[in-house]
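Report on the following structure.
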There are 2 protein chains.
Amino acid sequence: MYDGPNIVPIAALIGDQARAAMLTALMSGEARTATELAAVANITKQTTSAHLSKLVDAGLVVVASQGRHKYFQLADDDIAQLLESLMGVAEKTGAVRFRPGPNDPELRAARVCYDHLAGELGVALYDSFSKKQWIKTSKQADDLKVELTTAGKKQLDEIGIVLAVKKNSRRPICRACLDWSVRRHHLAGVTGAALLNHCYEKKWAKRLDDSRVVQFTQRGESAFRKLFID
Amino acid sequence: MYDGPNIVPIAALIGDQARAAMLTALMSGEARTATELAAVANITKQTTSAHLSKLVDAGLVVVASQGRHKYFQLADDDIAQLLESLMGVAEKTGAVRFRPGPNDPELRAARVCYDHLAGELGVALYDSFSKKQWIKTSKQADDLKVELTTAGKKQLDEIGIVLAVKKNSRRPICRACLDWSVRRHHLAGVTGAALLNHCYEKKWAKRLDDSRVVQFTQRGESAFRKLFID
DNA sequence: TACATAGTTCGATCCTAACCGAACCATCTC
DNA sequence: GAGATGGTTCGGTTAGGATCGAACTATGTA
């Protein structure tokens with residue numbers, strides 16, 4: 001008895017405390033894992049999984065699988081704008097605000113992600129390799145394929161970086177990996193691992209005990225940037 | 001664990017079939033009664049009443065009481081825009097459309113509302129009286145107070161319209177009455193009744209049997225418009 | 001005055017959906 | 001390989017809220 005698209009399912013999805021918390025957390029445009037979102041919403045993994053399925057099914061959220069992780073993002077800028085609209089209306093009628101959590105600057109700067117470099121430095125590396133055309137990316141049905149170009153191979157060879165390519169290994173030479181702090185891609189795969197290893201060997205950086213922090217020396221970071229980024 | 005105003009209550013309110021139907025029906029900006037909204041949502045009066053209370057409490061909808069009727073409207077243009085936003089998102093993910101109902105052009109043109117004139121002609125009358133300053137309006141704590149000015153009294157007197165004011169009657173001389181077809185005010189009260197009566201006496205118009213339609217003759221409508229509206 | 005209509009309140013029912021524990025699969029680490 | 005971690009599936013519990021019948025108030029009609 002009324003006209004227009006059916007807004008009920010969408011509004012109902014947003015109208016749940018846990019899902020709203022997740023969606024709000026995604027409003028920055030950055031991707032988050034299911035576990036992170038579970039923490040944000042303060043619910044168990046199972047419940048989070050169910051919620052995320054619904055959000056993805058409804059098209060509010062998209063997901064990118066990466067190894068055993070799943071990175072979730074708002075599907076669209078329109079979704080963020082809708083949430084903004086809702087906040088605008090909510091603000092008028094009795095706003096309740098929450099406080100942001102702390103964070104670790106060192107972790108954001110540089111850390112290991114499995115066996116390769118993540119954080120601001122890792123993202124800068126990826127961007128630079130891409131700009132210099134040492135790597136090239138192509139989209140392949142939901143998957144981002146990253147390859148080392150011949151130019152890239154040659155450069156790494158000259159620098160003295162050896163790629164430990166095992167036979168019969170399924171591990172890709174290059175891989176794009178979503179960064180949790182910067183929320184953009186950094187370089188993973190065999191190449192990413194080799195590069196981080198190079199940093200250790202050259203004593204440019206070392207890993208902090210009991211932490212994922214990769215601590216560069218001043219000289220080390222300089223050398224790293226000069227060689228790979230600038 | 002997230003920031004910004006709390007969007008959950010608002011979204012949850014919209015995320016219900018019945019309430020969404022009502023809100024959508026109100027999107028034209030026109031006011032509707034609770035009973036009308038019950039029909040739109042296809043639920044009983046009781047349930048409608050409960051829904052409308054929530055919508056009013058949340059500030060999404062405002063209400064104007066008028067005798068035994070309550071006219072509901074969206075509180076704000078922002079609300080309509082929010083609903084538009086939602087429809088935009090809904091459209092992308094699988095839109096379901098409904099069909100509008102029929103209507104009766106004659107009823108919309110002119111009809112009785114209790115004992116006074118409603119419809120396009122009634123609203124035109126009210127607007128004209130207001131413009132000519134025959135009536136003046138003032139807001140009084142949720143209520144719209146309408147009074148006949150001395151100029152207005154004089155004009156009506158000259159035309160030969162007698163106001164049947166009974167002693168001890170609570171009935172106001174003038175009243176603004178929300179029009180269901182045009183959804184704006186028309187003139188009610190003793191004055192409104194006297195004016196409609198004048199139309200009958202002058203044979204400008206007659207009431208159709210078994211209907212609320214007031215049918216003006218061509219000459220009648222001309223005379224009416226010339227005297228009161230133009 | 002009696003009657004009709006608009007809307008509300010109360011109480012009870014009933015269904016959906018959020019939630020968690022437990023067990024499971026998949027991926028990465030050692 | 002064993003162990004750890006990220007995520008899903010299944011089953012059962014529970015709470016919230018949408019709904020209606022019945023009884024009520026308030027307003028207007030005859």
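Convention: chains lettered A, B, ... in structure tokens order; per-chain residue numbering from 1; ligands numbered from 1 as shown.
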Near chain C, 10 Å: chain B residue rows, closest pairs, only C-alpha atoms (C1' of nucleotides), as JSON lines:
```
{"residue": "B:Thr33", "atom": "CA", "partner": "C:DA6", "partner_atom": "C1'", "distance": 9.0}
{"residue": "B:Ala34", "atom": "CA", "partner": "C:DG7", "partner_atom": "C1'", "distance": 7.7}
{"residue": "B:Thr35", "atom": "CA", "partner": "C:DA6", "partner_atom": "C1'", "distance": 7.5}
{"residue": "B:Lys45", "atom": "CA", "partner": "C:DG7", "partner_atom": "C1'", "distance": 7.6}
{"residue": "B:Gln46", "atom": "CA", "partner": "C:DT8", "partner_atom": "C1'", "distance": 7.4}
{"residue": "B:Thr48", "atom": "CA", "partner": "C:DG7", "partner_atom": "C1'", "distance": 9.7}
{"residue": "B:Ser49", "atom": "CA", "partner": "C:DT8", "partner_atom": "C1'", "distance": 7.2}
{"residue": "B:Ala50", "atom": "CA", "partner": "C:DT8", "partner_atom": "C1'", "distance": 8.8}
{"residue": "B:Gly67", "atom": "CA", "partner": "C:DA6", "partner_atom": "C1'", "distance": 9.1}
{"residue": "B:Arg68", "atom": "CA", "partner": "C:DA6", "partner_atom": "C1'", "distance": 5.4}
{"residue": "B:His69", "atom": "CA", "partner": "C:DA6", "partner_atom": "C1'", "distance": 5.8}
{"residue": "B:Lys70", "atom": "CA", "partner": "C:DA6", "partner_atom": "C1'", "distance": 8.1}
```
Exercise for the section: Enumerate as a list in words the residues belonging to chain D that approach chain B to within 8 Å, with only C-alpha atoms (C1' of nucleotides) taken into account. Expected result: DA18, DT19, DC20, DA26, DT27 and DG28 of chain D
Only N, CA, C and O atoms (P, O5', C5', C4', C3', O3' and C1' of nucleotides), please: the residues just picked out, written as an mmCIF file, in the first residue's frame.
```cif
data_model
loop_
_atom_site.group_PDB
_atom_site.id
_atom_site.type_symbol
_atom_site.label_atom_id
_atom_site.label_comp_id
_atom_site.auth_asym_id
_atom_site.auth_seq_id
_atom_site.Cartn_x
_atom_site.Cartn_y
_atom_site.Cartn_z
ATOM 1 P P DA D 18 8.285 -3.416 17.452
ATOM 2 O "O5'" DA D 18 7.304 -4.005 16.343
ATOM 3 C "C5'" DA D 18 7.641 -5.233 15.720
ATOM 4 C "C4'" DA D 18 6.415 -6.093 15.567
ATOM 5 C "C3'" DA D 18 5.122 -5.325 15.270
ATOM 6 O "O3'" DA D 18 4.476 -5.928 14.157
ATOM 7 C "C1'" DA D 18 4.815 -6.778 17.117
ATOM 8 P P DT D 19 3.186 -5.280 13.530
ATOM 9 O "O5'" DT D 19 1.992 -6.031 14.259
ATOM 10 C "C5'" DT D 19 1.811 -7.419 14.041
ATOM 11 C "C4'" DT D 19 0.830 -7.986 15.020
ATOM 12 C "C3'" DT D 19 -0.480 -7.215 15.142
ATOM 13 O "O3'" DT D 19 -1.407 -7.695 14.194
ATOM 14 C "C1'" DT D 19 0.306 -8.119 17.249
ATOM 15 P P DC D 20 -2.803 -6.954 13.993
ATOM 16 O "O5'" DC D 20 -3.757 -7.630 15.077
ATOM 17 C "C5'" DC D 20 -3.789 -9.045 15.193
ATOM 18 C "C4'" DC D 20 -4.531 -9.433 16.460
ATOM 19 C "C3'" DC D 20 -5.896 -8.750 16.594
ATOM 20 O "O3'" DC D 20 -6.892 -9.714 16.874
ATOM 21 C "C1'" DC D 20 -4.592 -8.417 18.557
ATOM 22 P P DA D 26 -11.571 11.372 29.116
ATOM 23 O "O5'" DA D 26 -11.716 11.746 27.575
ATOM 24 C "C5'" DA D 26 -10.564 11.742 26.740
ATOM 25 C "C4'" DA D 26 -10.957 12.211 25.358
ATOM 26 C "C3'" DA D 26 -11.882 13.427 25.327
ATOM 27 O "O3'" DA D 26 -11.470 14.277 24.273
ATOM 28 C "C1'" DA D 26 -12.879 11.669 24.154
ATOM 29 P P DT D 27 -11.837 15.800 24.259
ATOM 30 O "O5'" DT D 27 -12.651 15.937 22.894
ATOM 31 C "C5'" DT D 27 -12.042 15.498 21.686
ATOM 32 C "C4'" DT D 27 -13.108 15.085 20.716
ATOM 33 C "C3'" DT D 27 -14.187 16.145 20.444
ATOM 34 O "O3'" DT D 27 -13.946 16.693 19.161
ATOM 35 C "C1'" DT D 27 -15.041 13.925 20.552
ATOM 36 P P DG D 28 -14.739 17.919 18.598
ATOM 37 O "O5'" DG D 28 -15.908 17.222 17.766
ATOM 38 C "C5'" DG D 28 -15.579 16.484 16.603
ATOM 39 C "C4'" DG D 28 -16.755 15.645 16.192
ATOM 40 C "C3'" DG D 28 -18.014 16.435 15.798
ATOM 41 O "O3'" DG D 28 -18.455 15.994 14.530
ATOM 42 C "C1'" DG D 28 -18.560 14.724 17.307
#
```
Exercise for the section: May I ask for the distance between CA of Phe228 (chain B) and CA of Leu196 (chain B), given in Å to one decimal place? Expected result: 11.9 Å
Handout entry: One-decimal distance in Å that lies between CA of Val61 (chain A) and CA of Gln73 (chain A)
Key =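 CA of Gln73 (chain A) sits 5.6 Å away from CA of Val61 (chain A).
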Handout entry: One-decimal distance in Å that lies between CA of Val56 (chain A) and CA of Thr93 (chain A)
Key =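 One can read the CA of Thr93 (chain A) to CA of Val56 (chain A) distance as 29.6 Å.
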Problem - Best match for closeness to chain B among A:Ala64, A:Val213, A:Met27, A:Val89, counting only C-alpha atoms - result: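 Checking each of A:Ala64, A:Val213, A:Met27, A:Val89 against chain B, counting only C-alpha atoms, the winner is A:Val89.
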Exercise for the section: Please provide as a list of chain:residue names all residues within 10 Å of region 76-85 of chain B, with the sequence filter that same-chain residues fewer than 5 positions apart are discarded (counting only C-alpha atoms (C1' of nucleotides)). Expected result: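 After dropping sequence-adjacent residues, the list is A:Gly4, A:Pro5, A:Ile7, A:Ala11, A:Asp78, A:Ile79, A:Gln81, A:Leu82, A:Leu83, A:Glu84, A:Ser85, A:Leu86, A:Met87, A:Gly88, A:Val89, B:Ile14, B:Ala20, B:Leu23, B:Thr24, B:Leu26, B:Met27, B:Ser28, B:Gly29, B:Gly59, B:Leu60, B:Val61, B:Val62, B:Ala90, B:Glu91.
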Exercise for the section: Return the single residue from A:Ala31, A:Ile161, A:Val146, A:Ala58 that is closest to chain B, with distances computed using only C-alpha atoms. Expected result: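 Looking at the shortest contact to chain B, the residue is A:Ala58.
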Handout entry: Given only C-alpha atoms as the counted atoms, nearest of A:Lys92, A:His116, A:Arg19, A:Arg111 to Leu195 (chain A)
Key =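 Of A:Lys92, A:His116, A:Arg19, A:Arg111, the one nearest Leu195 (chain A) is A:His116, counting only C-alpha atoms.
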Handout entry: Residue contacts of Trp204 (chain B) (7 Å, only C-alpha atoms (C1' of nucleotides)) excluding same-chain residues fewer than 2 positions away, as a ChimeraX atom specification
Key = /B:199-200,202,216-217,220-221
Grab the residues selected above and save them as a compact mmCIF listing (two decimals), in the first residue's frame with N, CA, C and O atoms.
```
# COMPACT_ATOMS: atom_id res chain seq x y z
N CYS B 199 -23.27 29.34 0.85
CA CYS B 199 -23.19 28.73 -0.49
C CYS B 199 -24.47 27.97 -0.83
O CYS B 199 -24.98 28.05 -1.95
N TYR B 200 -24.99 27.23 0.14
CA TYR B 200 -26.22 26.48 -0.08
C TYR B 200 -27.38 27.45 -0.32
O TYR B 200 -28.17 27.28 -1.25
N LYS B 202 -27.43 30.51 -1.38
CA LYS B 202 -27.33 31.23 -2.66
C LYS B 202 -27.45 30.29 -3.85
O LYS B 202 -27.31 30.70 -4.98
N PHE B 216 -20.38 22.43 -6.89
CA PHE B 216 -20.65 23.83 -7.22
C PHE B 216 -21.16 23.92 -8.65
O PHE B 216 -20.72 23.16 -9.53
N THR B 217 -22.11 24.83 -8.91
CA THR B 217 -22.45 25.14 -10.29
C THR B 217 -21.33 26.03 -10.83
O THR B 217 -20.57 26.62 -10.06
N GLY B 220 -21.98 29.37 -9.64
CA GLY B 220 -21.78 29.40 -8.19
C GLY B 220 -20.31 29.52 -7.83
O GLY B 220 -19.92 30.35 -7.01
N GLU B 221 -19.48 28.72 -8.46
CA GLU B 221 -18.06 28.77 -8.12
C GLU B 221 -17.46 30.12 -8.49
O GLU B 221 -16.64 30.67 -7.75
```
Practice task
For Ala188 (chain A), work out the shell of residues within 7 Å, counting only C-alpha atoms (C1' of nucleotides) and skipping chain neighbours fewer than 4 positions away, then give it as an MDAnalysis selection string.
Solution key: chainID A and resid 116 174:177 192:193
Selection: 12 Å around Glu147 (chain A), only C-alpha atoms (C1' of nucleotides), excl. self and same-chain fewer than 4 positions, as an mmCIF file with C-alpha atoms, in the first residue's frame:
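In the end it all went to out-v6.cif:
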```cif
data_model
loop_
_atom_site.group_PDB
_atom_site.id
_atom_site.type_symbol
_atom_site.label_atom_id
_atom_site.label_comp_id
_atom_site.auth_asym_id
_atom_site.auth_seq_id
_atom_site.Cartn_x
_atom_site.Cartn_y
_atom_site.Cartn_z
ATOM 1 C CA TYR A 126 54.142 -1.482 -2.058
ATOM 2 C CA PHE A 129 57.180 -0.824 -6.255
ATOM 3 C CA SER A 130 53.954 -0.261 -8.071
ATOM 4 C CA GLN A 133 56.640 -0.818 -12.175
ATOM 5 C CA TRP A 134 58.645 -3.418 -10.317
ATOM 6 C CA ILE A 135 55.346 -5.101 -9.691
ATOM 7 C CA LYS A 136 52.170 -5.028 -11.688
ATOM 8 C CA THR A 137 48.670 -5.815 -10.497
ATOM 9 C CA SER A 138 45.651 -7.209 -12.258
ATOM 10 C CA LYS A 139 42.183 -8.019 -11.061
ATOM 11 C CA ALA A 151 62.342 -4.991 -14.409
ATOM 12 C CA GLY A 152 61.491 -5.746 -10.789
ATOM 13 C CA LYS A 153 63.260 -9.100 -10.900
ATOM 14 C CA PRO A 172 52.956 -16.919 -4.596
ATOM 15 C CA ILE A 173 56.019 -14.874 -5.429
ATOM 16 C CA CYS A 174 54.118 -11.686 -4.832
ATOM 17 C CA ARG A 175 50.955 -10.993 -2.973
ATOM 18 C CA ALA A 176 49.031 -7.921 -1.932
ATOM 19 C CA LEU A 187 53.766 -6.340 -0.279
ATOM 20 C CA ALA A 188 53.598 -9.956 0.821
ATOM 21 C CA GLY A 189 54.495 -13.337 -0.662
ATOM 22 C CA VAL A 190 57.972 -14.666 -1.230
ATOM 23 C CA THR A 191 59.172 -11.250 -2.361
ATOM 24 C CA GLY A 192 57.812 -9.528 0.720
#
```
